[in-house]
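**Q** Let me begin by handing over the structure; questions about it come next.
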Amino acid sequence: MLSPFVRSAIVLGLVSATGPLAIDMFLPALPTIAANLGGTISGAQLTITAYFIAFGLAQMVYGPMADVVGRKPPLIAGLTLFAIGSIGCAVAPDMNWLVAARVVQALGGAAAMVIPRAIIRDMHTGTQATRLMALVMLIISVSPMLAPLAGSGIIAVSGWRTIFAILAAAAGVSILITLTLQPETLKPEYRAPVRLSALMAGIRTLLRDPVFMGLTFVGGFGMASFFVFLASASFVYTGHYGLTPTGFSPAFAANAAGFFSATQLAANLGDKFGPERVVAWAVSGFLLVTLALLGLVWLGVDYFALLVAMLICANFCLGLVIPTAMVMALDDHGDIAGLASSLGGMLQMLAGGIMTMLAGPFFDGTPLPMVAAIALAAVLSFTAMRITGAARNRRLVAAE
């Protein structure tokens, strides 16, 4: 018999995995899609960048909506929109259609990211919330570790369009899970009426909170580095290193395994050393590893095994940073958890989408532009951490 804690993690993890599936499963197909639809590498990367940006913007709708009507109705609406977008991708006749359908898919998939965060905040705070977030991420980890391999198999058997048909079916399963297994966690007496003035006041409160903003961008620039990797890795691994789509899958999964294995340590390390210290150590490690990798690649060291190994180390550090920073950012804003989750998620996704878009023109199929963008993200994350630490210290001194 599963405990309620584990049961919640499984349900929220399965629902939350819908959005990542839309990226991970079709990554091996990116070169094939570009060739099949007569597009360029930049056009194929745009299907990822557009997804990130639309995904981020949509979170500002679902969070406030979830604070008004409860968590389940907007989650179901979003999953339905995701299914419609997936079907649109499956029948895309050209690259422009595919990009547009990916935007629709992202507008729906955002619900599966932001609302589970608010549900976690409804049920727990502090290290218990970090522990539940880590378990949810463990469930989500099935996507980046197995989805690319599944996508490769689907491409070989029936073509890339079938991937999107399967994503539509996955959205249907998530709707069924939400309807039957996920209880409503926001009681009617805690739901806020729709008032633009209250919404803007909440946004101003969050934007003026240097701790919230700093923690958001600590995780956001960390996520941006992974977004750059997602947009570039399939072309670098298959084009520069000669891997097949099937060979790309385990290499990608190894990087994802580094991230998600670390998320399972985040809560215990936070209990033992404090979440602030864990974030500081992990961001510093992320910075050192990525700068070292950049230096090696810049000097002409070009070994695939070394690249993968150092990216695994970098992603391990991110696995400690992102769930801990998410929970810390929401801790002081329980009364507007949905809005805080939405705004934080939007800013993080926009940071990732913009960085991927800015890095795109420099991409030449070699590892250097990808590694340089990842290292830049690490520098920005480290800077945000230092600014956040100073703001927290000022707040503690003022409270004494």
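Labeling convention for the structure tokens: chains A, B, ... as they appear, residues from 1 per chain, ligands from 1 in order of appearance.
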Which residues are near Thr263 (chain A)? Cut-off 9 Å, only C-alpha atoms, ignore same chain within fewer than 2 positions. Put them as a list in words.
**A**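 Listed by chain and then number, they are Arg131, Met133, Ala134, Leu135, Met137, Leu138, Phe259, Phe260, Ser261, Leu265, Ala266, Ala267, Phe316, Leu318, Gly319, Leu320, Val321, Ile322, Pro323 and Thr324 of chain A.
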**Q** Ala168 (chain A): which residues within 9 Å, counting only C-alpha atoms, same-chain residues fewer than 5 positions away excluded, as a PyMOL selection string?
**A** chain A and resi 80+82-87+163+173
**Q** Take the residues just selected and output them with C-alpha atoms as a tab-separated table (two decimals), in the first residue's frame.
**A**
chain	number	residue	atom	x	y	z
A	80	THR	CA	-6.62	19.19	-23.53
A	82	PHE	CA	-1.66	20.12	-25.32
A	83	ALA	CA	-3.39	17.18	-27.02
A	84	ILE	CA	-4.79	19.47	-29.74
A	85	GLY	CA	-1.35	20.97	-30.38
A	86	SER	CA	0.19	17.48	-30.56
A	87	ILE	CA	-2.29	16.45	-33.24
A	163	ILE	CA	5.74	10.66	-31.97
A	173	VAL	CA	-3.91	9.54	-20.02
**Q** Excluding same-chain residues fewer than 6 positions from Asp122 (chain A), what lies within 12 Å of it counting only C-alpha atoms, as a compact mmCIF listing (two decimals) with all heavy atoms, in the first residue's frame?
**A**
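Once everything was written out, this is around.txt:
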# COMPACT_ATOMS: atom_id res chain seq x y z
N ALA A 66 -5.44 29.12 -11.36
CA ALA A 66 -5.49 28.06 -10.35
C ALA A 66 -5.78 28.60 -8.97
O ALA A 66 -6.32 27.89 -8.12
CB ALA A 66 -4.17 27.29 -10.35
N ASP A 67 -5.40 29.86 -8.71
CA ASP A 67 -5.71 30.49 -7.42
C ASP A 67 -7.18 30.88 -7.33
O ASP A 67 -7.72 31.05 -6.24
CB ASP A 67 -4.84 31.74 -7.21
CG ASP A 67 -3.40 31.39 -6.88
OD1 ASP A 67 -3.14 30.26 -6.42
OD2 ASP A 67 -2.53 32.25 -7.09
N GLY A 70 -9.35 26.87 -8.44
CA GLY A 70 -8.83 25.60 -7.96
C GLY A 70 -7.79 25.05 -8.92
O GLY A 70 -7.56 25.59 -10.00
N ARG A 71 -7.17 23.97 -8.51
CA ARG A 71 -6.04 23.44 -9.28
C ARG A 71 -6.47 22.55 -10.45
O ARG A 71 -5.84 22.57 -11.51
CB ARG A 71 -5.11 22.63 -8.35
CG ARG A 71 -4.69 23.35 -7.05
CD ARG A 71 -4.11 24.71 -7.27
NE ARG A 71 -3.52 25.26 -6.05
CZ ARG A 71 -3.24 26.52 -5.85
NH1 ARG A 71 -3.52 27.43 -6.78
NH2 ARG A 71 -2.68 26.93 -4.71
N ILE A 115 0.99 24.09 -12.29
CA ILE A 115 -0.04 23.72 -11.32
C ILE A 115 0.43 22.63 -10.35
O ILE A 115 0.16 22.73 -9.14
CB ILE A 115 -1.35 23.34 -12.04
CG1 ILE A 115 -1.91 24.59 -12.74
CG2 ILE A 115 -2.38 22.78 -11.06
CD1 ILE A 115 -3.14 24.35 -13.57
N PRO A 116 1.15 21.59 -10.79
CA PRO A 116 1.69 20.66 -9.80
C PRO A 116 2.59 21.32 -8.76
O PRO A 116 2.61 20.92 -7.59
CB PRO A 116 2.47 19.66 -10.66
CG PRO A 116 1.71 19.63 -11.94
CD PRO A 116 1.30 21.06 -12.16
N GLN A 128 10.03 19.17 3.48
CA GLN A 128 9.03 18.21 3.02
C GLN A 128 8.60 18.52 1.59
O GLN A 128 8.41 17.61 0.77
CB GLN A 128 7.81 18.20 3.95
CG GLN A 128 7.99 17.40 5.23
CD GLN A 128 8.15 15.92 4.93
OE1 GLN A 128 9.27 15.41 4.81
NE2 GLN A 128 7.04 15.21 4.83
N ALA A 129 8.46 19.81 1.30
CA ALA A 129 8.13 20.20 -0.08
C ALA A 129 9.28 19.86 -1.02
O ALA A 129 9.07 19.39 -2.14
CB ALA A 129 7.82 21.70 -0.14
N LEU A 132 9.13 16.15 -1.68
CA LEU A 132 8.09 15.79 -2.63
C LEU A 132 8.45 16.25 -4.03
O LEU A 132 8.24 15.51 -5.01
CB LEU A 132 6.75 16.40 -2.20
CG LEU A 132 5.54 16.08 -3.08
CD1 LEU A 132 5.37 14.57 -3.27
CD2 LEU A 132 4.27 16.68 -2.49
N PRO A 183 -6.77 14.71 -6.00
CA PRO A 183 -7.79 15.51 -5.31
C PRO A 183 -7.52 17.01 -5.48
O PRO A 183 -6.39 17.42 -5.77
CB PRO A 183 -7.63 15.09 -3.84
CG PRO A 183 -6.21 14.64 -3.73
CD PRO A 183 -5.87 14.03 -5.06
N GLU A 184 -8.54 17.80 -5.29
CA GLU A 184 -8.40 19.25 -5.31
C GLU A 184 -7.75 19.69 -4.00
O GLU A 184 -8.19 19.32 -2.92
CB GLU A 184 -9.76 19.92 -5.47
CG GLU A 184 -9.73 21.44 -5.42
CD GLU A 184 -8.84 22.03 -6.51
OE1 GLU A 184 -9.16 21.87 -7.70
OE2 GLU A 184 -7.81 22.62 -6.16
N THR A 185 -6.64 20.46 -4.09
CA THR A 185 -5.90 20.83 -2.89
C THR A 185 -6.16 22.27 -2.43
O THR A 185 -5.72 22.64 -1.34
CB THR A 185 -4.39 20.65 -3.12
OG1 THR A 185 -3.98 21.43 -4.25
CG2 THR A 185 -4.05 19.19 -3.35
N LEU A 186 -6.82 23.06 -3.23
CA LEU A 186 -7.12 24.44 -2.83
C LEU A 186 -8.59 24.53 -2.42
O LEU A 186 -9.49 24.49 -3.26
CB LEU A 186 -6.83 25.41 -3.99
CG LEU A 186 -6.95 26.89 -3.63
CD1 LEU A 186 -5.90 27.29 -2.61
CD2 LEU A 186 -6.85 27.77 -4.88
N LYS A 187 -8.82 24.65 -1.13
CA LYS A 187 -10.18 24.70 -0.62
C LYS A 187 -10.89 25.97 -1.08
O LYS A 187 -10.25 27.02 -1.27
CB LYS A 187 -10.17 24.64 0.91
CG LYS A 187 -9.59 23.33 1.45
CD LYS A 187 -9.56 23.33 2.96
CE LYS A 187 -8.98 22.03 3.50
NZ LYS A 187 -8.93 22.02 4.98
N TYR A 190 -10.13 29.43 0.33
CA TYR A 190 -8.83 30.04 0.07
C TYR A 190 -8.68 30.53 -1.38
O TYR A 190 -7.62 31.01 -1.77
CB TYR A 190 -7.71 29.05 0.37
CG TYR A 190 -7.59 28.70 1.83
CD1 TYR A 190 -7.79 27.39 2.26
CD2 TYR A 190 -7.31 29.67 2.78
CE1 TYR A 190 -7.71 27.06 3.61
CE2 TYR A 190 -7.22 29.36 4.12
CZ TYR A 190 -7.41 28.05 4.53
OH TYR A 190 -7.33 27.73 5.87
N ARG A 191 -9.73 30.41 -2.17
CA ARG A 191 -9.65 30.86 -3.56
C ARG A 191 -9.89 32.36 -3.65
O ARG A 191 -10.80 32.90 -3.01
CB ARG A 191 -10.68 30.10 -4.42
CG ARG A 191 -10.39 28.61 -4.44
CD ARG A 191 -11.42 27.82 -5.20
NE ARG A 191 -11.20 26.39 -5.01
CZ ARG A 191 -11.96 25.43 -5.49
NH1 ARG A 191 -13.03 25.76 -6.23
NH2 ARG A 191 -11.69 24.17 -5.26
N VAL A 327 11.65 25.60 -4.36
CA VAL A 327 10.94 25.57 -3.07
C VAL A 327 11.28 26.80 -2.24
O VAL A 327 10.39 27.43 -1.65
CB VAL A 327 11.30 24.28 -2.31
CG1 VAL A 327 10.78 24.34 -0.88
CG2 VAL A 327 10.72 23.07 -3.04
N LEU A 330 9.34 29.92 -3.25
CA LEU A 330 7.91 29.95 -2.92
C LEU A 330 7.64 30.02 -1.43
O LEU A 330 6.52 30.34 -1.01
CB LEU A 330 7.22 28.69 -3.48
CG LEU A 330 7.17 28.53 -5.00
CD1 LEU A 330 6.45 27.25 -5.37
CD2 LEU A 330 6.51 29.71 -5.67
N ASP A 331 8.64 29.75 -0.61
CA ASP A 331 8.41 29.63 0.83
C ASP A 331 7.77 30.85 1.46
O ASP A 331 6.93 30.73 2.36
CB ASP A 331 9.73 29.31 1.55
CG ASP A 331 9.94 27.81 1.72
OD1 ASP A 331 8.97 27.05 1.47
OD2 ASP A 331 11.06 27.41 2.09
N HIS A 333 5.82 33.03 0.06
CA HIS A 333 4.67 33.54 -0.69
C HIS A 333 3.56 32.49 -0.79
O HIS A 333 2.96 32.30 -1.85
CB HIS A 333 5.12 33.98 -2.09
CG HIS A 333 6.14 35.07 -2.06
ND1 HIS A 333 5.82 36.38 -1.77
CD2 HIS A 333 7.49 35.05 -2.26
CE1 HIS A 333 6.92 37.12 -1.80
NE2 HIS A 333 7.94 36.32 -2.09
N GLY A 334 3.27 31.82 0.33
CA GLY A 334 2.25 30.78 0.33
C GLY A 334 0.86 31.30 -0.01
O GLY A 334 0.04 30.56 -0.56
N ASP A 335 0.58 32.58 0.30
CA ASP A 335 -0.75 33.13 0.03
C ASP A 335 -0.99 33.37 -1.46
O ASP A 335 -2.15 33.50 -1.88
CB ASP A 335 -0.95 34.43 0.81
CG ASP A 335 0.14 35.46 0.52
OD1 ASP A 335 1.27 35.05 0.24
OD2 ASP A 335 -0.16 36.67 0.59
N ILE A 336 0.08 33.46 -2.24
CA ILE A 336 -0.05 33.62 -3.69
C ILE A 336 0.85 32.60 -4.39
O ILE A 336 1.56 32.91 -5.35
CB ILE A 336 0.29 35.06 -4.15
CG1 ILE A 336 1.64 35.52 -3.57
CG2 ILE A 336 -0.82 36.01 -3.82
CD1 ILE A 336 2.12 36.85 -4.12
N ALA A 337 0.78 31.35 -3.90
CA ALA A 337 1.69 30.32 -4.41
C ALA A 337 1.49 30.08 -5.90
O ALA A 337 2.45 29.87 -6.64
CB ALA A 337 1.47 29.01 -3.64
N GLY A 338 0.23 30.11 -6.36
CA GLY A 338 -0.03 29.89 -7.78
C GLY A 338 0.59 30.98 -8.63
O GLY A 338 1.24 30.70 -9.64
N SER A 341 4.42 30.72 -8.48
CA SER A 341 4.88 29.61 -9.31
C SER A 341 4.82 29.99 -10.78
O SER A 341 5.72 29.68 -11.56
CB SER A 341 4.03 28.37 -9.04
OG SER A 341 4.45 27.28 -9.83
**Q** Select, from A:Val371, A:Val379, A:Met200, A:Met310, the residue with the minimum atom-to-atom distance to Gly222 (chain A), counting only C-alpha atoms.
**A**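 Counting only C-alpha atoms, the residue closest to Gly222 (chain A) is A:Val379.
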**Q** Which polymer residues have any atom within 8 Å of an atom of Thr47 (chain A), counting only C-alpha atoms, with same-chain residues fewer than 2 positions away left out, as JSON, numbers by chain?
**A** {"A": [43, 44, 45, 49, 50, 51, 98, 99, 102]}
**Q** Using N, CA, C and O atoms, can you export the residues from the last selection as a short mmCIF file (atom, residue, chain, number, x, y, z; two decimals), in the first residue's frame?
**A**
data_model
loop_
_atom_site.label_atom_id
_atom_site.label_comp_id
_atom_site.auth_asym_id
_atom_site.auth_seq_id
_atom_site.Cartn_x
_atom_site.Cartn_y
_atom_site.Cartn_z
N GLY A 43 15.77 26.53 -38.24
CA GLY A 43 14.33 26.35 -38.23
C GLY A 43 13.91 25.22 -37.32
O GLY A 43 12.91 25.32 -36.60
N ALA A 44 14.67 24.12 -37.34
CA ALA A 44 14.36 23.01 -36.45
C ALA A 44 14.55 23.40 -34.99
O ALA A 44 13.75 23.03 -34.12
N GLN A 45 15.61 24.17 -34.70
CA GLN A 45 15.83 24.63 -33.33
C GLN A 45 14.72 25.56 -32.87
O GLN A 45 14.40 25.63 -31.68
N THR A 49 12.81 26.52 -29.30
CA THR A 49 12.79 27.87 -28.73
C THR A 49 11.36 28.40 -28.60
O THR A 49 10.98 28.97 -27.56
N ALA A 50 10.55 28.24 -29.65
CA ALA A 50 9.16 28.70 -29.61
C ALA A 50 8.38 27.99 -28.51
O ALA A 50 7.54 28.59 -27.83
N TYR A 51 8.67 26.71 -28.34
CA TYR A 51 8.00 25.93 -27.29
C TYR A 51 8.33 26.51 -25.91
O TYR A 51 7.44 26.72 -25.08
N LEU A 98 4.55 23.46 -38.18
CA LEU A 98 5.06 22.71 -37.03
C LEU A 98 5.39 23.66 -35.88
O LEU A 98 5.05 23.37 -34.72
N VAL A 99 6.03 24.78 -36.18
CA VAL A 99 6.36 25.75 -35.13
C VAL A 99 5.08 26.28 -34.49
O VAL A 99 4.98 26.39 -33.25
N ARG A 102 3.59 23.69 -32.29
CA ARG A 102 4.39 23.55 -31.08
C ARG A 102 4.04 24.64 -30.07
O ARG A 102 4.05 24.42 -28.86
#
**Q** Just checking: using only C-alpha atoms, which residue out of A:Gly219, A:Gly345, A:Gly365, A:Pro28 ends up closest to Cys317 (chain A)?
**A**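 Nearest to Cys317 (chain A): A:Gly219.
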**Q** Just the residues within 12 Å of Ile48 (chain A), please, counting only C-alpha atoms, with nothing from its chain fewer than 4 positions along; format it as a ChimeraX atom specification.
**A** /A:20,22-24,26-27,30,41-44,52-55,98-103,105-106,226-232,349,352-357,360
**Q** Find, counting only C-alpha atoms, the residue in A:Phe235, A:Leu311, A:Lys72, A:Gln182 that gets nearest to Ala254 (chain A).
**A**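 Comparing A:Phe235, A:Leu311, A:Lys72, A:Gln182 against Ala254 (chain A), the winner is A:Leu311.
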**Q** Using only C-alpha atoms, which residue out of A:Pro193, A:Gly220, A:Pro188, A:Pro4 lies closest to Val283 (chain A)?
**A**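 Of all the options, A:Gly220 lies closest to Val283 (chain A).
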**Q** Choose the residue, out of A:Thr130, A:Ser381, A:Thr388, A:Ser16, that has the smallest atom-to-atom separation from Ala171 (chain A); count only C-alpha atoms.
**A**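 Of A:Thr130, A:Ser381, A:Thr388, A:Ser16, the one nearest Ala171 (chain A) is A:Ser16, counting only C-alpha atoms.
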**Q** Tell me, as a list in words, which residues lie within 8 Å of Thr246 (chain A), counting only C-alpha atoms; anything in the same chain fewer than 6 positions away does not count.
**A**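 So the residues in contact are Pro28, Leu149, Ser152 and Gly153 of chain A.
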**Q** Filtering to all heavy atoms, could you give me those residues as a short mmCIF file (atom, residue, chain, number, x, y, z; two decimals), in the first residue's frame?
**A**
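The file below, selection_38.cif, is the result:
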data_model
loop_
_atom_site.label_atom_id
_atom_site.label_comp_id
_atom_site.auth_asym_id
_atom_site.auth_seq_id
_atom_site.Cartn_x
_atom_site.Cartn_y
_atom_site.Cartn_z
N PRO A 28 15.62 13.18 -31.00
CA PRO A 28 16.38 12.43 -32.02
C PRO A 28 15.88 12.67 -33.44
O PRO A 28 16.59 12.41 -34.41
CB PRO A 28 16.17 10.96 -31.62
CG PRO A 28 15.77 11.00 -30.19
CD PRO A 28 15.01 12.27 -30.02
N LEU A 149 15.08 7.37 -26.54
CA LEU A 149 15.23 6.02 -27.08
C LEU A 149 13.92 5.55 -27.72
O LEU A 149 13.91 4.97 -28.81
CB LEU A 149 15.65 5.05 -25.98
CG LEU A 149 16.00 3.63 -26.43
CD1 LEU A 149 17.15 3.65 -27.44
CD2 LEU A 149 16.37 2.78 -25.22
N SER A 152 13.54 7.32 -30.98
CA SER A 152 14.37 6.72 -32.03
C SER A 152 13.72 5.48 -32.61
O SER A 152 13.73 5.25 -33.82
CB SER A 152 15.75 6.36 -31.45
OG SER A 152 16.41 7.51 -30.99
N GLY A 153 13.15 4.66 -31.72
CA GLY A 153 12.47 3.45 -32.19
C GLY A 153 11.27 3.77 -33.04
O GLY A 153 11.03 3.11 -34.07
#
**Q** Using only C-alpha atoms, pick whichever of A:Thr383, A:Thr244, A:Ser249, A:Thr238 has the shortest atom-to-atom distance to Pro367 (chain A).
**A** A:Thr238
**Q** Tell me, as a PyMOL selection string, which residues lie within 8 Å of Arg161 (chain A), counting only C-alpha atoms; anything in the same chain fewer than 2 positions away does not count.
**A** chain A and resi 89-91+158-159+163-165
**Q** State, in Å with one decimal place, the distance from CA of Leu79 (chain A) to CA of Met213 (chain A).
**A**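 Atom-to-atom, CA of Leu79 (chain A) to CA of Met213 (chain A), that is 28.3 Å.
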